[in-house]
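The next block is model-v8.csv, given as CSV, C-alpha atoms and all ligand atoms.
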chain,number,residue,atom,x,y,z
I,158,MET,CA,60.7,-87.9,-35.8
I,159,LEU,CA,58.1,-86.8,-33.3
I,160,ILE,CA,59.3,-87.2,-29.7
I,161,ASP,CA,56.7,-87.8,-26.9
I,162,PRO,CA,58.4,-87.1,-23.6
I,163,ASP,CA,55.7,-89.2,-21.8
I,164,GLN,CA,57.2,-92.3,-23.6
I,165,LEU,CA,60.7,-91.5,-22.4
I,166,SER,CA,62.6,-92.1,-19.2
I,167,THR,CA,63.7,-89.0,-17.3
I,168,PRO,CA,67.4,-89.3,-18.5
I,169,ASP,CA,66.2,-89.7,-22.1
I,170,THR,CA,63.9,-86.7,-21.7
I,171,TYR,CA,67.0,-84.8,-20.4
I,172,PHE,CA,69.0,-85.9,-23.5
I,173,ALA,CA,66.1,-84.9,-25.8
I,174,MET,CA,65.8,-81.5,-24.2
I,175,THR,CA,69.4,-80.6,-24.0
I,176,GLN,CA,70.0,-81.5,-27.6
I,177,THR,CA,67.1,-79.5,-28.9
I,178,VAL,CA,67.1,-76.3,-26.7
I,179,VAL,CA,70.4,-75.2,-28.4
I,180,PRO,CA,72.7,-73.4,-28.1
I,181,ARG,CA,72.4,-72.5,-24.4
I,182,PRO,CA,74.3,-69.8,-22.5
I,183,ILE,CA,76.3,-71.1,-19.6
I,184,ALA,CA,76.2,-69.5,-16.1
I,185,TRP,CA,79.5,-70.1,-14.4
I,186,VAL,CA,78.4,-69.6,-10.9
I,187,LEU,CA,80.6,-68.6,-7.9
I,188,SER,CA,79.2,-69.1,-4.4
I,189,GLU,CA,80.6,-69.0,-1.0
I,190,ASN,CA,81.5,-72.2,1.0
I,191,HIS,CA,80.8,-72.4,4.7
I,192,ASP,CA,84.5,-71.9,5.5
I,193,GLY,CA,84.8,-68.7,3.4
I,194,GLY,CA,86.3,-70.5,0.4
I,195,TYR,CA,84.6,-70.3,-3.0
I,196,ASN,CA,82.7,-72.8,-5.1
I,197,LEU,CA,82.4,-72.7,-8.9
I,198,ALA,CA,80.2,-74.7,-11.2
I,199,PRO,CA,78.6,-74.3,-14.7
I,200,PHE,CA,74.8,-74.3,-15.3
I,201,SER,CA,73.3,-74.2,-18.8
I,202,TYR,CA,69.7,-74.3,-17.7
I,203,PHE,CA,70.2,-70.5,-17.4
I,204,ASN,CA,68.7,-67.3,-18.8
I,205,ALA,CA,67.7,-63.7,-18.3
I,206,VAL,CA,64.0,-63.7,-17.3
I,207,CYS,CA,63.0,-60.2,-16.2
I,208,SER,CA,64.2,-56.7,-16.6
I,209,ASP,CA,62.3,-54.9,-13.8
I,210,PRO,CA,63.7,-56.0,-11.5
I,211,PRO,CA,66.7,-57.4,-13.4
I,212,LEU,CA,66.5,-61.2,-12.8
I,213,ILE,CA,68.4,-64.1,-14.1
I,214,MET,CA,67.5,-67.8,-13.5
I,215,ILE,CA,69.5,-70.9,-13.0
I,216,SER,CA,68.0,-74.3,-12.6
I,217,ILE,CA,69.8,-76.7,-10.3
I,218,GLY,CA,69.1,-80.4,-10.1
I,219,LEU,CA,70.1,-82.8,-7.4
I,220,GLN,CA,73.3,-84.9,-7.4
I,221,PRO,CA,72.9,-88.5,-8.7
I,222,ASP,CA,72.8,-89.6,-5.0
I,223,GLY,CA,70.0,-87.2,-4.2
I,224,ARG,CA,72.0,-84.6,-2.3
I,225,LYS,CA,71.8,-80.9,-3.0
I,226,LYS,CA,74.6,-79.5,-5.2
I,227,ASP,CA,77.1,-77.4,-3.3
I,228,THR,CA,76.0,-74.3,-5.3
I,229,LEU,CA,72.5,-74.6,-4.0
I,230,GLU,CA,73.6,-75.4,-0.4
I,231,ASN,CA,75.8,-72.3,-0.5
I,232,ILE,CA,73.1,-70.0,-2.0
I,233,LEU,CA,70.5,-71.2,0.6
I,234,SER,CA,72.9,-70.4,3.5
I,235,ARG,CA,74.6,-67.3,2.0
I,236,PRO,CA,72.1,-65.8,-0.5
I,237,ARG,CA,74.4,-64.1,-3.0
I,238,PHE,CA,76.3,-65.4,-6.0
I,239,VAL,CA,78.2,-64.3,-9.1
I,240,VAL,CA,77.3,-65.5,-12.6
I,241,HIS,CA,80.1,-65.3,-15.1
I,242,ILE,CA,79.9,-65.6,-18.9
I,243,ALA,CA,82.8,-67.8,-20.0
I,244,SER,CA,84.6,-67.1,-23.3
I,245,CYS,CA,85.4,-70.0,-25.7
I,246,ASN,CA,89.0,-70.1,-24.6
I,247,GLN,CA,87.9,-71.0,-21.1
I,248,LEU,CA,86.2,-74.2,-22.0
I,249,ASP,CA,88.8,-76.6,-20.4
I,250,VAL,CA,88.9,-74.8,-17.1
I,251,LEU,CA,85.1,-74.4,-17.0
I,252,ASN,CA,84.7,-78.1,-17.7
I,253,GLN,CA,87.1,-78.9,-14.8
I,254,THR,CA,84.8,-76.9,-12.4
I,255,SER,CA,81.9,-79.2,-13.1
I,256,ALA,CA,83.7,-82.1,-11.3
I,257,THR,CA,81.9,-83.2,-8.1
I,258,LEU,CA,84.4,-82.4,-5.4
I,259,PRO,CA,83.8,-83.2,-1.7
I,260,GLN,CA,81.6,-80.5,-0.1
I,261,GLY,CA,83.6,-77.4,0.9
I,262,GLU,CA,86.5,-78.3,-1.4
I,263,SER,CA,87.0,-75.3,-3.7
I,264,GLU,CA,86.9,-75.7,-7.5
I,265,VAL,CA,88.6,-72.3,-7.6
I,266,LEU,CA,91.7,-73.6,-5.9
I,267,ALA,CA,91.6,-77.0,-7.7
I,268,ALA,CA,91.6,-75.3,-11.1
I,269,GLY,CA,94.0,-72.5,-10.2
I,270,ILE,CA,91.5,-69.8,-11.1
I,271,GLU,CA,92.4,-66.2,-10.3
I,272,LEU,CA,89.7,-64.1,-8.5
I,273,THR,CA,89.5,-60.4,-8.1
I,274,GLU,CA,87.7,-58.3,-5.6
I,275,GLN,CA,84.6,-56.5,-6.9
I,276,ASP,CA,83.9,-53.0,-5.5
I,277,GLY,CA,80.5,-52.7,-3.9
I,278,PHE,CA,79.9,-56.5,-3.6
I,279,ASP,CA,80.8,-59.1,-0.9
I,280,LEU,CA,82.0,-61.8,-3.3
I,281,PRO,CA,84.9,-61.7,-5.8
I,282,ARG,CA,84.6,-62.5,-9.5
I,283,ILE,CA,86.8,-64.5,-11.9
I,284,ALA,CA,89.5,-62.1,-13.0
I,285,ASP,CA,89.6,-63.4,-16.6
I,286,CYS,CA,85.8,-63.3,-17.3
I,287,LYS,CA,84.6,-60.4,-19.4
I,288,ILE,CA,81.1,-60.4,-18.1
I,289,ALA,CA,80.0,-61.1,-14.5
I,290,PHE,CA,76.6,-60.5,-12.8
I,291,MET,CA,76.7,-59.9,-9.0
I,292,CYS,CA,73.4,-61.3,-7.7
I,293,GLU,CA,71.4,-61.6,-4.6
I,294,VAL,CA,68.8,-64.3,-4.2
I,295,TYR,CA,65.3,-63.0,-5.2
I,296,GLN,CA,63.4,-66.3,-5.0
I,297,ILE,CA,64.0,-70.1,-5.0
I,298,SER,CA,61.2,-72.4,-6.1
I,299,GLU,CA,61.2,-76.2,-6.5
I,300,VAL,CA,59.7,-77.7,-9.7
I,301,GLY,CA,59.2,-81.2,-11.0
I,302,ASN,CA,59.3,-84.7,-9.6
I,303,ASN,CA,63.1,-84.5,-9.0
I,304,HIS,CA,63.3,-81.4,-6.8
I,305,GLN,CA,64.8,-79.1,-9.5
I,306,SER,CA,65.5,-75.7,-7.8
I,307,LEU,CA,64.8,-72.6,-9.9
I,308,VAL,CA,67.0,-69.9,-8.4
I,309,LEU,CA,66.1,-66.3,-9.4
I,310,GLY,CA,69.0,-63.9,-8.8
I,311,LYS,CA,68.4,-60.1,-8.7
I,312,ILE,CA,71.3,-58.4,-10.5
I,313,ASN,CA,73.1,-56.0,-8.2
I,314,ARG,CA,75.9,-55.0,-10.6
I,315,ILE,CA,77.1,-56.1,-14.0
I,316,HIS,CA,80.8,-56.2,-14.7
I,317,VAL,CA,81.7,-55.7,-18.4
I,318,SER,CA,85.3,-55.7,-19.3
I,319,ASP,CA,86.2,-52.3,-20.7
I,320,ASP,CA,87.6,-53.8,-23.9
I,321,CYS,CA,84.2,-55.1,-24.8
I,322,ALA,CA,82.0,-52.1,-24.1
I,323,GLU,CA,81.6,-48.5,-25.4
I,324,ILE,CA,79.0,-45.7,-25.2
I,325,THR,CA,77.8,-44.9,-28.7
I,326,GLY,CA,77.3,-41.4,-30.1
I,327,GLN,CA,73.6,-41.7,-29.1
I,328,GLY,CA,74.6,-42.3,-25.5
I,329,ARG,CA,73.7,-46.0,-25.5
I,330,LEU,CA,75.7,-48.9,-24.1
I,331,LYS,CA,77.1,-51.1,-26.9
I,332,ILE,CA,78.7,-54.4,-25.9
I,333,HIS,CA,80.7,-56.2,-28.6
I,334,ALA,CA,79.8,-59.9,-28.3
I,335,ASP,CA,82.5,-60.8,-30.8
I,336,ARG,CA,85.1,-59.5,-28.3
I,337,ILE,CA,83.5,-61.7,-25.5
I,338,GLN,CA,83.3,-64.8,-27.7
I,339,PRO,CA,80.8,-66.4,-25.3
I,340,LEU,CA,80.9,-70.2,-25.0
I,341,SER,CA,77.6,-72.0,-25.5
I,342,ARG,CA,76.4,-75.5,-24.7
I,343,LEU,CA,74.8,-78.1,-26.9
I,344,GLY,CA,73.6,-81.6,-25.8
I,345,ALA,CA,75.7,-84.2,-23.9
I,346,SER,CA,79.4,-83.1,-23.9
I,347,GLU,CA,79.1,-80.8,-26.9
I,348,TYR,CA,79.8,-77.1,-26.9
I,349,VAL,CA,79.8,-74.5,-29.7
I,350,ASP,CA,82.1,-71.6,-30.5
I,351,PHE,CA,80.8,-68.2,-31.1
I,352,GLY,CA,79.5,-67.6,-34.6
I,353,LYS,CA,79.1,-64.6,-36.9
I,354,VAL,CA,77.2,-61.5,-35.7
I,355,LYS,CA,74.3,-60.4,-38.0
I,356,THR,CA,72.4,-57.1,-37.6
I,357,LEU,CA,68.7,-56.9,-38.7
I,358,LYS,CA,66.2,-54.2,-37.8
I,359,ARG,CA,62.8,-55.3,-36.5
I,360,PRO,CA,59.9,-54.5,-38.8
I,361,ALA,CA,57.9,-51.5,-37.6
G,1,LIG,C1,78.4,-77.0,-19.3
G,1,LIG,C2,77.7,-77.6,-18.1
G,1,LIG,C3,76.4,-77.2,-17.9
G,1,LIG,C4,75.7,-77.7,-16.8
G,1,LIG,N1,74.4,-77.3,-16.5
G,1,LIG,C5,73.8,-77.7,-15.4
G,1,LIG,C6,72.5,-77.2,-15.1
G,1,LIG,O1,71.9,-76.4,-15.8
G,1,LIG,N2,71.9,-77.7,-13.9
G,1,LIG,C7,72.5,-78.6,-13.1
G,1,LIG,O2,72.0,-78.9,-12.1
G,1,LIG,N3,73.8,-79.1,-13.4
G,1,LIG,C8,74.4,-78.7,-14.5
G,1,LIG,N4,75.7,-79.1,-14.8
G,1,LIG,C9,76.3,-80.0,-13.8
G,1,LIG,C10,77.0,-79.2,-12.7
G,1,LIG,O3,77.9,-78.3,-13.1
G,1,LIG,C11,77.7,-80.2,-11.8
G,1,LIG,O4,76.7,-81.1,-11.1
G,1,LIG,C12,78.5,-79.6,-10.7
G,1,LIG,O5,79.3,-80.6,-10.1
G,1,LIG,C13,77.8,-78.9,-9.6
G,1,LIG,O6,78.7,-78.4,-8.8
G,1,LIG,P1,78.4,-78.0,-7.2
G,1,LIG,O7,78.1,-79.3,-6.5
G,1,LIG,O8,79.8,-77.5,-6.8
G,1,LIG,O9,77.4,-77.0,-7.2
G,1,LIG,C14,76.3,-78.7,-15.9
G,1,LIG,C15,77.6,-79.1,-16.2
G,1,LIG,C16,78.3,-78.6,-17.3
G,1,LIG,C17,79.7,-79.1,-17.7
Show me, as structure tokens, the structure contained in the file I just sent.
Amino acid sequence: MLIDPDQLSTPDTYFAMTQTVVPRPIAWVLSENHDGGYNLAPFSYFNAVCSDPPLIMISIGLQPDGRKKDTLENILSRPRFVVHIASCNQLDVLNQTSATLPQGESEVLAAGIELTEQDGFDLPRIADCKIAFMCEVYQISEVGNNHQSLVLGKINRIHVSDDCAEITGQGRLKIHADRIQPLSRLGASEYVDFGKVKTLKRPA
């Protein structure tokens, strides 16, 4: 099969892309509502895109009715956010936070998620998540015909749960992905559990 996106509708292109760019990491994004409450939502158009400065990118589309998503509204008004990496055992609660609640209504409260203060950063993080990136907005650009917003966040701090990290004999940071068990997204409503770690040196 050879797929020509020019022959597809936008929703069909979305289905083709999300089922072929797999598996995708999921950014579980906490942002601040105008009343000081917190919004949470998952985004799998997400990745690390630069190391100097350290930047991650999430791509936020519009709601089906054309409104901006609450995460984008919040980030535009209060330009900082926290990206969490969810573990496989958090799938149900992560999925709950993708519901479209009325603006200003907190997914954190609705899903009963525990937050914890983060030293040195204005926003809290999800207490149960083993990885969290405290970010400040670096740049927001709009791409495409449907006003997709590419949000670049500059990482201010990375929280790594102590039970997943160690400093090796050579003084390097080693993070044990198998202890994080990061959840990944496939197409449509499919997710995939963490697999087996393989180690292979790059050829010289
Ligand atoms: C696993 C998962 C990944 C998602 N990835 C994206 C994405 O990359 N971009 C996007 O705009 N919406 C994505 N969504 C949909 C948003 O999470 C959803 O629109 C959510 O209601 C937005 O919340 P907000 O209005 O509180 O920001 C995803 C949903 C799920 C369940």
Open item on the list: Using all atoms listed in the file, which residues of the polymer chains come no farther than 6 Å from ligand LIG 1 (chain G)? I'd like the answer as an NGL selection string.
Closed with: :I and (196-202 or 216-218 or 226-228 or 252 or 255-257 or 342)
Sorted per-residue table, region 202-251 of chain I near region 276-280 of chain I, closest atoms and distance, 10 Å, all atoms listed in the file, as CSV:
residue,atom,partner,partner_atom,distance
I:Arg237,CA,I:Leu280,CA,7.9
I:Phe238,CA,I:Leu280,CA,7.3
I:Val239,CA,I:Leu280,CA,7.4
Same residues, C-alpha atoms, saved as a compact mmCIF listing (two decimals), in the coordinates of the input:
# COMPACT_ATOMS: atom_id res chain seq x y z
CA ARG I 237 74.40 -64.10 -3.00
CA PHE I 238 76.30 -65.40 -6.00
CA VAL I 239 78.20 -64.30 -9.10
Could you name the residues that touch Arg282 (chain I) at 8 Å or less, counting all atoms listed in the file, but leaving out those on the same chain fewer than 6 positions away, as a PDB file with C-alpha atoms, in the frame of the given file?
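Here's the written file part09.pdb:
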ATOM      1  CA  LEU I 187      80.600 -68.600  -7.900  1.00  0.00           C
ATOM      2  CA  VAL I 239      78.200 -64.300  -9.100  1.00  0.00           C
ATOM      3  CA  HIS I 241      80.100 -65.300 -15.100  1.00  0.00           C
ATOM      4  CA  LEU I 272      89.700 -64.100  -8.500  1.00  0.00           C
ATOM      5  CA  THR I 273      89.500 -60.400  -8.100  1.00  0.00           C
ATOM      6  CA  GLU I 274      87.700 -58.300  -5.600  1.00  0.00           C
ATOM      7  CA  GLN I 275      84.600 -56.500  -6.900  1.00  0.00           C
ATOM      8  CA  ALA I 289      80.000 -61.100 -14.500  1.00  0.00           C
TER       9      ALA I 289
END
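All residues of protein, DNA or RNA that reach within 10 Å of Lys331 (chain I), judged by only C-alpha atoms and not counting those fewer than 4 positions away in the chain, are Cys321, Ala322, Glu323, Ile324 and Thr325 of chain I.
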Open item on the list: Please determine, counting only C-alpha atoms, which residue among I:Val300, I:Leu165, I:Leu343, I:Ala267 has the shortest atom-to-atom distance to Tyr195 (chain I).
Closed with: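 Checking each of I:Val300, I:Leu165, I:Leu343, I:Ala267 against Tyr195 (chain I), counting only C-alpha atoms, the winner is I:Ala267.
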- [ ] Please tell me which residues are no farther than 6 Å from (79.9, -71.5, -20.5) in the file, counting all atoms listed in the file, and write them as a VMD selection string.
- [x] chain I and resid 183 243 340 to 341
Open item on the list: Would you compute the distance between CA of Gln176 (chain I) and CA of Val349 (chain I)? Give it in Å to one decimal.
Closed with: 12.2 Å
TODO: Check the smallest atom-to-atom distance from each of I:Val179, I:Ile215, I:Ile160, I:Leu233 to Leu309 (chain I) using all atoms listed in the file, then report the winner.
DONE: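 Distance minimum relative to Leu309 (chain I) lands on I:Ile215.
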